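Okay, structure-v2.txt now, which holds compact mmCIF, C-alpha atoms:
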```
# COMPACT_ATOMS: atom_id res chain seq x y z
CA MET A 26 187.49 -36.62 -234.11
CA GLY A 27 189.26 -35.28 -231.06
CA GLU A 28 187.07 -32.20 -231.06
CA THR A 29 183.90 -34.28 -231.16
CA PHE A 30 185.05 -36.29 -228.16
CA VAL A 31 185.99 -33.16 -226.16
CA PHE A 32 182.71 -31.52 -227.10
CA TRP A 33 180.51 -34.38 -225.94
CA VAL A 34 182.34 -34.85 -222.66
CA LEU A 35 182.31 -31.13 -221.86
CA ALA A 36 178.75 -30.60 -223.09
CA VAL A 37 177.47 -33.26 -220.68
CA VAL A 38 179.61 -31.92 -217.84
CA SER A 39 178.59 -28.31 -218.38
CA VAL A 40 174.86 -29.03 -218.72
CA ILE A 41 174.89 -31.17 -215.55
CA ALA A 42 176.86 -28.48 -213.72
CA ALA A 43 174.45 -25.79 -214.94
CA LEU A 44 171.50 -27.83 -213.65
CA GLY A 45 173.36 -28.23 -210.37
CA LEU A 46 173.86 -24.47 -210.25
CA VAL A 47 170.12 -23.90 -210.54
CA PHE A 48 168.88 -26.68 -208.29
CA SER A 49 171.39 -27.00 -205.45
CA ARG A 50 170.09 -25.65 -202.17
CA LYS A 51 173.36 -24.21 -200.87
CA ALA A 52 174.72 -21.08 -202.54
CA VAL A 53 178.34 -22.22 -202.25
CA TYR A 54 177.59 -25.37 -204.24
CA SER A 55 175.98 -23.17 -206.88
CA ALA A 56 179.14 -21.09 -207.05
CA LEU A 57 181.33 -24.17 -207.47
CA MET A 58 179.03 -25.51 -210.18
CA LEU A 59 179.28 -22.19 -212.00
CA GLY A 60 183.05 -22.53 -211.82
CA VAL A 61 182.81 -25.97 -213.47
CA VAL A 62 180.65 -24.54 -216.28
CA MET A 63 183.09 -21.69 -216.86
CA LEU A 64 186.11 -23.98 -216.96
CA SER A 65 184.49 -26.34 -219.45
CA LEU A 66 183.47 -23.36 -221.61
CA ALA A 67 187.08 -22.18 -221.52
CA VAL A 68 188.19 -25.54 -222.91
CA LEU A 69 185.49 -25.33 -225.57
CA TYR A 70 186.81 -21.90 -226.60
CA ALA A 71 190.32 -23.33 -226.86
CA VAL A 72 189.04 -26.16 -229.04
CA GLN A 73 187.31 -23.62 -231.29
CA ASP A 74 190.48 -21.73 -232.25
CA ALA A 75 190.05 -19.06 -229.57
CA PRO A 76 193.03 -19.58 -227.23
CA PHE A 77 193.08 -15.93 -226.14
CA LEU A 78 189.43 -16.03 -225.07
CA ALA A 79 190.03 -19.33 -223.28
CA VAL A 80 192.78 -17.77 -221.19
CA VAL A 81 190.75 -14.61 -220.56
CA GLN A 82 187.78 -16.76 -219.56
CA ILE A 83 189.86 -18.59 -216.96
CA ILE A 84 191.54 -15.45 -215.63
CA VAL A 85 188.53 -13.14 -215.60
CA TYR A 86 185.67 -15.53 -214.88
CA THR A 87 187.01 -18.44 -212.85
CA GLY A 88 189.67 -16.21 -211.33
CA ALA A 89 188.22 -12.80 -210.60
CA VAL A 90 184.45 -13.10 -210.93
CA MET A 91 184.12 -16.40 -209.08
CA MET A 92 186.38 -15.17 -206.32
CA LEU A 93 184.22 -12.06 -205.98
CA PHE A 94 181.09 -14.23 -205.82
CA LEU A 95 182.57 -16.45 -203.10
CA PHE A 96 183.82 -13.40 -201.20
CA VAL A 97 180.35 -11.83 -201.16
CA LEU A 98 178.80 -15.19 -200.27
CA MET A 99 181.05 -15.39 -197.22
CA MET A 100 180.15 -11.79 -196.28
CA VAL A 101 176.41 -12.16 -196.77
CA GLY A 102 176.30 -15.48 -194.95
CA VAL A 103 176.95 -18.90 -196.36
CA ASP A 104 174.00 -20.52 -194.65
CA SER A 105 171.42 -18.10 -196.04
CA SER A 106 169.82 -20.83 -198.12
CA ASP A 107 166.65 -20.34 -200.11
CA SER A 108 163.27 -20.72 -198.49
CA LEU A 109 161.16 -23.39 -200.11
CA VAL A 110 157.96 -21.39 -199.76
CA GLU A 111 156.65 -20.18 -203.09
CA THR A 112 155.59 -16.55 -202.93
CA ILE A 113 153.84 -16.75 -206.29
CA LYS A 114 151.65 -19.79 -206.67
CA GLY A 115 152.91 -22.30 -209.23
CA GLN A 116 155.90 -20.13 -210.06
CA ARG A 117 158.41 -23.00 -210.11
CA PHE A 118 156.28 -25.17 -212.35
CA TRP A 119 155.62 -22.45 -214.89
CA ALA A 120 159.22 -21.24 -214.81
CA VAL A 121 160.54 -24.72 -215.55
CA LEU A 122 157.90 -25.19 -218.24
CA ALA A 123 158.80 -21.87 -219.85
CA GLY A 124 162.49 -22.74 -219.71
CA LEU A 125 161.90 -26.14 -221.31
CA GLY A 126 159.75 -24.57 -224.01
CA PHE A 127 162.37 -21.92 -224.68
CA ALA A 128 165.15 -24.49 -224.93
CA VAL A 129 163.14 -26.72 -227.27
CA LEU A 130 162.17 -23.75 -229.43
CA LEU A 131 165.76 -22.52 -229.73
CA ALA A 132 167.13 -26.01 -230.37
CA LEU A 133 164.52 -26.69 -233.05
CA GLY A 134 165.21 -23.36 -234.70
CA ILE A 135 168.94 -24.01 -234.75
CA GLY A 136 168.40 -27.58 -235.93
CA ASN A 137 166.23 -26.44 -238.82
CA ALA A 138 168.51 -23.65 -239.95
CA PHE A 139 170.81 -24.41 -242.86
CA ILE A 140 174.33 -24.16 -241.52
CA GLY A 141 177.02 -24.88 -244.05
CA PRO A 142 180.45 -26.26 -243.25
CA ALA A 143 182.45 -23.99 -240.96
CA LYS A 144 184.92 -21.73 -242.76
CA GLY A 145 187.37 -22.00 -239.91
CA LEU A 146 189.89 -19.42 -238.82
CA ALA A 147 192.73 -20.60 -241.07
CA ALA A 148 192.98 -17.04 -242.43
CA TYR A 149 194.17 -15.92 -238.99
CA PRO A 150 196.96 -18.34 -238.05
CA GLN A 151 197.99 -16.24 -235.06
CA ASN A 152 195.02 -15.63 -232.78
CA VAL A 153 196.38 -12.98 -230.43
CA PRO A 154 198.02 -10.61 -232.99
CA SER A 155 194.95 -10.81 -235.23
CA LEU A 156 192.64 -10.03 -232.32
CA ALA A 157 194.89 -7.17 -231.24
CA GLU A 158 194.80 -5.74 -234.75
CA LEU A 159 191.00 -5.83 -234.76
CA ILE A 160 190.61 -4.42 -231.24
CA PHE A 161 193.03 -1.55 -231.83
CA THR A 162 191.77 -0.59 -235.28
CA ARG A 163 188.12 -1.23 -236.00
CA HIS A 164 186.93 -1.56 -232.39
CA VAL A 165 189.30 0.92 -230.80
CA PHE A 166 186.58 3.34 -229.71
CA ALA A 167 184.57 0.61 -227.99
CA PHE A 168 187.77 -0.60 -226.36
CA GLU A 169 188.54 2.85 -224.98
CA VAL A 170 185.00 3.22 -223.75
CA THR A 171 185.31 -0.06 -221.83
CA SER A 172 188.19 1.42 -219.86
CA ALA A 173 185.90 4.26 -218.81
CA LEU A 174 183.26 1.67 -217.96
CA LEU A 175 185.66 -0.30 -215.78
CA ILE A 176 186.78 2.80 -213.88
CA THR A 177 183.16 3.85 -213.37
CA ALA A 178 182.26 0.37 -212.14
CA ALA A 179 185.16 0.27 -209.71
CA LEU A 180 184.29 3.72 -208.36
CA GLY A 181 180.62 2.78 -208.14
CA ALA A 182 181.44 -0.34 -206.17
CA VAL A 183 183.61 1.63 -203.77
CA VAL A 184 180.89 4.24 -203.26
CA LEU A 185 178.15 1.62 -202.85
CA ALA A 186 180.06 -0.55 -200.42
CA HIS A 187 181.40 2.34 -198.37
CA ARG A 188 179.79 2.92 -195.01
CA GLU A 189 180.18 5.94 -192.79
CA ARG A 190 180.52 5.13 -189.11
CA LEU A 191 177.61 6.96 -187.45
CA THR A 192 178.38 6.07 -183.84
CA PRO A 193 181.78 6.11 -182.13
CA LYS A 194 183.55 2.78 -182.01
CA LEU A 195 183.00 0.83 -178.79
CA THR A 196 186.13 0.49 -176.72
CA GLN A 197 186.92 -2.42 -174.44
CA ARG A 198 185.87 -0.29 -171.48
CA ASP A 199 182.41 0.31 -173.01
CA LEU A 200 182.01 -3.38 -173.76
CA ALA A 201 182.89 -4.39 -170.21
CA ARG A 202 180.46 -1.82 -168.83
CA GLN A 203 177.76 -3.14 -171.16
CA ARG A 204 178.38 -6.73 -170.02
CA PHE A 205 178.04 -5.87 -166.36
CA LYS A 206 174.93 -3.77 -166.94
CA GLU A 207 173.47 -6.79 -168.71
CA PHE A 208 174.48 -8.93 -165.72
CA ALA A 209 172.74 -6.55 -163.30
CA ARG A 210 169.62 -6.51 -165.45
CA THR A 211 169.22 -10.15 -166.55
CA GLY A 212 171.86 -12.06 -164.61
CA ARG A 213 173.64 -13.12 -167.76
CA ASN A 214 177.11 -14.46 -167.05
CA PRO A 215 179.60 -11.59 -167.62
CA ALA A 216 182.60 -13.92 -167.78
CA PRO A 217 183.82 -15.39 -171.05
CA LEU A 218 182.09 -18.53 -172.27
CA PRO A 219 183.62 -21.76 -171.00
CA GLY A 220 185.79 -23.52 -173.51
CA PRO A 221 184.83 -26.92 -174.82
CA GLY A 222 186.28 -29.93 -173.10
CA THR A 223 186.89 -28.48 -169.61
CA TYR A 224 186.57 -31.33 -167.09
CA ALA A 225 185.50 -33.50 -170.03
CA ARG A 226 186.88 -36.85 -171.05
CA HIS A 227 187.77 -35.54 -174.52
CA ASN A 228 189.44 -32.28 -175.40
CA ALA A 229 187.60 -31.96 -178.72
CA ILE A 230 185.67 -28.95 -180.02
CA ASP A 231 182.43 -30.93 -180.35
CA LYS A 232 182.53 -32.23 -176.77
CA PRO A 233 180.77 -29.98 -174.25
CA ALA A 234 182.51 -28.89 -171.06
CA LEU A 235 181.36 -30.55 -167.85
CA LEU A 236 180.57 -28.68 -164.69
CA PRO A 237 182.20 -29.93 -161.46
CA ASP A 238 179.08 -31.94 -160.68
CA GLY A 239 179.38 -33.78 -164.00
CA SER A 240 176.48 -32.09 -165.76
CA ILE A 241 176.91 -30.43 -169.13
CA ALA A 242 177.70 -26.70 -169.30
CA ALA A 243 175.28 -25.68 -172.01
CA GLN A 244 177.16 -22.47 -172.79
CA SER A 245 180.25 -24.42 -173.81
CA VAL A 246 178.43 -26.18 -176.63
CA ASN A 247 179.73 -24.91 -179.93
CA ARG A 248 176.54 -23.66 -181.57
CA TYR A 249 177.76 -24.18 -185.13
CA VAL A 250 178.68 -27.78 -184.38
CA ALA A 251 175.40 -28.23 -182.52
CA ARG A 252 173.39 -26.81 -185.42
CA TYR A 253 175.20 -29.09 -187.85
CA GLU A 254 174.74 -32.13 -185.62
CA LYS A 255 171.07 -31.31 -185.17
CA ALA A 256 170.65 -31.23 -188.94
CA GLU A 257 172.54 -34.52 -189.27
CA GLY A 258 170.66 -36.08 -186.37
CA THR A 259 173.85 -36.94 -184.48
CA LEU A 260 173.41 -34.49 -181.58
CA PRO A 261 173.79 -36.50 -178.35
CA PRO A 262 170.50 -36.48 -176.40
CA GLU A 263 172.08 -35.20 -173.16
CA VAL A 264 173.59 -32.23 -175.01
CA ALA A 265 170.24 -31.50 -176.64
CA GLN A 266 168.57 -31.64 -173.23
CA ALA A 267 171.16 -29.31 -171.71
CA LEU A 268 170.68 -26.90 -174.63
CA GLU A 269 166.93 -26.92 -174.21
CA SER A 270 167.03 -26.29 -170.47
CA ASP A 271 169.43 -23.38 -170.87
CA SER A 272 167.71 -20.26 -172.15
CA GLU A 273 170.94 -18.34 -172.73
CA ALA A 274 172.34 -21.02 -175.00
CA LEU A 275 169.12 -21.00 -176.96
CA GLU A 276 169.42 -17.26 -177.30
CA LEU A 277 172.93 -17.73 -178.61
CA GLU A 278 171.75 -20.25 -181.14
CA LYS A 279 169.19 -17.82 -182.50
CA GLU A 280 171.77 -15.13 -183.21
CA MET B 9 179.72 -29.32 -235.31
CA THR B 10 178.46 -25.71 -235.35
CA THR B 11 174.91 -26.88 -234.71
CA HIS B 12 176.04 -28.85 -231.67
CA TYR B 13 177.77 -25.86 -230.14
CA LEU B 14 174.77 -23.63 -230.78
CA VAL B 15 172.37 -26.14 -229.22
CA LEU B 16 174.64 -26.42 -226.17
CA SER B 17 174.69 -22.64 -225.92
CA ALA B 18 170.89 -22.50 -226.19
CA LEU B 19 170.54 -25.16 -223.47
CA LEU B 20 172.85 -23.31 -221.08
CA PHE B 21 171.00 -20.06 -221.78
CA ALA B 22 167.63 -21.68 -221.04
CA ILE B 23 168.94 -23.28 -217.83
CA GLY B 24 170.25 -19.90 -216.72
CA GLY B 25 166.88 -18.33 -217.49
CA VAL B 26 165.07 -20.94 -215.42
CA GLY B 27 167.50 -20.25 -212.58
CA VAL B 28 166.74 -16.52 -212.69
CA LEU B 29 163.01 -17.29 -212.52
CA VAL B 30 163.18 -19.99 -209.85
CA ARG B 31 165.83 -18.94 -207.34
CA ARG B 32 165.30 -16.39 -204.57
CA ASN B 33 168.80 -15.78 -203.31
CA ALA B 34 170.01 -12.65 -205.13
CA ILE B 35 173.56 -13.97 -205.44
CA VAL B 36 172.40 -17.22 -207.06
CA VAL B 37 170.16 -15.23 -209.41
CA PHE B 38 173.22 -13.22 -210.33
CA MET B 39 175.22 -16.38 -210.98
CA CYS B 40 172.47 -17.57 -213.33
CA VAL B 41 172.73 -14.27 -215.24
CA GLU B 42 176.46 -14.94 -215.58
CA LEU B 43 175.66 -18.38 -216.93
CA MET B 44 173.43 -16.81 -219.59
CA LEU B 45 176.19 -14.38 -220.56
CA ASN B 46 178.63 -17.28 -220.87
CA ALA B 47 176.20 -19.18 -223.08
CA CYS B 48 175.99 -16.15 -225.39
CA ASN B 49 179.78 -16.00 -225.50
CA LEU B 50 179.91 -19.61 -226.64
CA ALA B 51 177.52 -18.75 -229.48
CA PHE B 52 179.69 -15.75 -230.47
CA VAL B 53 182.86 -17.84 -230.56
CA THR B 54 181.10 -20.55 -232.55
CA PHE B 55 179.85 -18.05 -235.12
CA ALA B 56 183.32 -16.54 -235.37
CA ARG B 57 184.64 -19.89 -236.54
CA GLN B 58 181.61 -20.57 -238.71
CA HIS B 59 182.05 -17.35 -240.67
CA GLY B 60 185.85 -17.37 -240.64
CA ASN B 61 185.83 -13.92 -239.06
CA LEU B 62 187.37 -12.82 -235.76
CA ASP B 63 184.71 -10.20 -235.01
CA GLY B 64 182.72 -12.72 -232.97
CA GLN B 65 185.67 -13.30 -230.68
CA VAL B 66 186.17 -9.56 -230.24
CA ILE B 67 182.50 -9.18 -229.27
CA ALA B 68 182.83 -12.07 -226.82
CA PHE B 69 185.82 -10.30 -225.31
CA PHE B 70 183.78 -7.11 -224.86
CA VAL B 71 180.96 -9.13 -223.31
CA MET B 72 183.44 -10.48 -220.78
CA ILE B 73 184.59 -6.95 -219.89
CA VAL B 74 181.04 -5.71 -219.44
CA ALA B 75 180.15 -8.80 -217.41
CA ALA B 76 183.09 -8.18 -215.09
CA ALA B 77 182.01 -4.57 -214.53
CA GLU B 78 178.42 -5.69 -214.03
CA VAL B 79 179.43 -8.27 -211.42
CA VAL B 80 181.36 -5.67 -209.45
CA VAL B 81 178.48 -3.19 -209.33
CA GLY B 82 175.80 -5.85 -208.83
CA LEU B 83 177.58 -7.50 -205.93
CA ALA B 84 178.16 -4.09 -204.33
CA ILE B 85 174.41 -3.44 -204.59
CA ILE B 86 173.64 -6.84 -203.06
CA VAL B 87 176.03 -6.14 -200.18
CA THR B 88 174.37 -2.75 -199.60
CA ILE B 89 170.88 -4.29 -199.61
CA PHE B 90 172.05 -7.03 -197.27
CA ARG B 91 173.48 -4.44 -194.92
CA THR B 92 170.24 -2.50 -194.61
CA ARG B 93 167.80 -5.43 -194.66
CA ARG B 94 169.82 -8.39 -193.33
CA SER B 95 168.59 -10.51 -196.21
CA ALA B 96 169.82 -11.44 -199.68
CA SER B 97 166.43 -12.65 -200.87
CA VAL B 98 164.99 -10.91 -203.90
CA ASP B 99 161.50 -11.18 -202.38
CA ASP B 100 162.38 -8.81 -199.56
CA ALA B 101 163.43 -5.91 -201.78
CA ASN B 102 159.93 -4.90 -202.88
CA LEU B 103 159.68 -1.25 -201.82
CA LEU B 104 159.44 -0.05 -205.42
CA LYS B 105 156.34 -2.17 -205.93
CA TYR B 106 154.02 0.11 -204.01
```

Is it possible to give me this structure as C-alpha cells?
Amino acid sequence: MGETFVFWVLAVVSVIAALGLVFSRKAVYSALMLGVVMLSLAVLYAVQDAPFLAVVQIIVYTGAVMMLFLFVLMMVGVDSSDSLVETIKGQRFWAVLAGLGFAVLLALGIGNAFIGPAKGLAAYPQNVPSLAELIFTRHVFAFEVTSALLITAALGAVVLAHRERLTPKLTQRDLARQRFKEFARTGRNPAPLPGPGTYARHNAIDKPALLPDGSIAAQSVNRYVARYEKAEGTLPPEVAQALESDSEALELEKE
Amino acid sequence: MTTHYLVLSALLFAIGGVGVLVRRNAIVVFMCVELMLNACNLAFVTFARQHGNLDGQVIAFFVMIVAAAEVVVGLAIIVTIFRTRRSASVDDANLLKY
C-alpha cells in the first residue's frame, strides 16, 4: 500500500518535472527539473529494494553530474536561451508526434505483455554485500574495465578543456595604454565607469548615478539590471531615454 | 506494480527523446540524454525485482558509471565548441555536413 502511494506521487512529480525539463526556456530551470527527476528516481529505487543504487544515484547524479551541468551552464552563459526559430520546418510538431507515438507504443506493448507477480529480492536480504559479491565475481572484468574508462574520460576531459595561451598575458600597463589609445581614437572615457547612486537620492545598485546637472549618467546604469528591467517592463522611461541617447552604453549592452 | 514502473520508465524515455529532438541548446540536449539513461535504469531495477535477480541492479550501476564518464567528456566537448564558436547551439556545429 505504501509503495503504491509513493509510486503515484513520485510518478506524477517526475513526469511533470521531465516535461518541464524539455519545455522550459531557461537552461538553468531545465537543470533543476532534471535534479527533481533524479531525486524522485532515487526514491523509487529505494522503494524497489535497491538502497545501494538509490544512494549512488543521489551521490553520482544529483551530486556530481548535476553540479557539472550547472558549472558548464555558468561557464557557457546562463542567458544563452534557445531561439524559437525552427531551422527545419515543422520539426517541433513532428518530434512531439513521434514522441507521443513512441510512448503510446511502448506503454501498449508493456500493458499487453504478461507480467507475473514479482519474485522480489527476498533471496538477497542484504543488498550491498550481495551486489558486491556479484560485481567482484561474475562482473569483475567489466568492473575493472570501467576504471580504465573513468581514467580515460578524466584525461580526455582535461585534454579537451585545456587551452594553450597563444599570446602573452596583458599586464596592467598594456591595458592602460590600450584605454588611452582608444580615448585618442574614439574619445571613449578612459576613467573607470561611475558607480551607481553617485549624487542620486538612493544608494541602490538599480538607481543610476546623476551628473552634477541632475541628468542621468548613462554609463552608470547596471546593464544586467537594465536588461532585466527591460524584459520585465519596469525600466524607468528617463533611464531608457538616457540609455538610448548614449552610444557607449548601448555598446556596453551589446557585449 | 511492475507494469506501472515500466510504463513510467517508457514515458520518461519518450519525453527525453522528444527533448533531444526539439531542443537546440547542446547542454539541454545532453540533459535529455541523461533523462533517457535514467529511465532505462528504472527499467533495469524494476526487472531485477521482477525476476528476483540482482543482475539488473549491477547493470544499472554500470550504466551510471558510463553515464558519468560520458557527461565528463561530453561537457568538455561542449565547452571546447563554445570556446571556438561562442555558441552552444547544436545548429551552429554543422561543418561536417558539407

Chain A residues near chain B (6 Å cut-off, only C-alpha atoms) as a PDB file with C-alpha atoms, keeping the file's coordinate frame:
```
ATOM      1  CA  VAL A  47     170.120 -23.900-210.540  1.00  0.00           C
ATOM      2  CA  ASP A 107     166.650 -20.340-200.110  1.00  0.00           C
ATOM      3  CA  ARG A 117     158.410 -23.000-210.110  1.00  0.00           C
ATOM      4  CA  ALA A 120     159.220 -21.240-214.810  1.00  0.00           C
ATOM      5  CA  VAL A 121     160.540 -24.720-215.550  1.00  0.00           C
ATOM      6  CA  GLY A 124     162.490 -22.740-219.710  1.00  0.00           C
ATOM      7  CA  ALA A 128     165.150 -24.490-224.930  1.00  0.00           C
ATOM      8  CA  ALA A 132     167.130 -26.010-230.370  1.00  0.00           C
ATOM      9  CA  ALA A 143     182.450 -23.990-240.960  1.00  0.00           C
ATOM     10  CA  LYS A 144     184.920 -21.730-242.760  1.00  0.00           C
ATOM     11  CA  GLY A 145     187.370 -22.000-239.910  1.00  0.00           C
ATOM     12  CA  LEU A 146     189.890 -19.420-238.820  1.00  0.00           C
ATOM     13  CA  LEU A 175     185.660  -0.300-215.780  1.00  0.00           C
ATOM     14  CA  ALA A 178     182.260   0.370-212.140  1.00  0.00           C
ATOM     15  CA  ALA A 182     181.440  -0.340-206.170  1.00  0.00           C
ATOM     16  CA  LEU A 185     178.150   1.620-202.850  1.00  0.00           C
ATOM     17  CA  ALA A 186     180.060  -0.550-200.420  1.00  0.00           C
TER      18      ALA A 186
END
```

* **Among the residues A:Ile83, A:Met91, A:Leu78, A:Val246, the one that comes closest to Met58 in chain A [using all atoms listed in the file]** =>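 Of all the options, A:Met91 lies closest to Met58 in chain A.
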
* In Å, rounded to a single decimal, give me how far CA of Ala251 in chain A is from CA of Asp231 in chain A. =>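 Those two atoms sit 7.8 Å apart.
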
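When all atoms listed in the file are used to measure the gap to Cys48 in chain B, the shortest distance among A:Ala229, A:Thr112, A:Leu66, A:Ala75 belongs to A:Leu66.
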
* Length of the CA of Val34 in chain A to CA of Leu69 in chain A vector [Å] ->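 Straight-line distance from CA of Val34 in chain A to CA of Leu69 in chain A works out to 10.4 Å.
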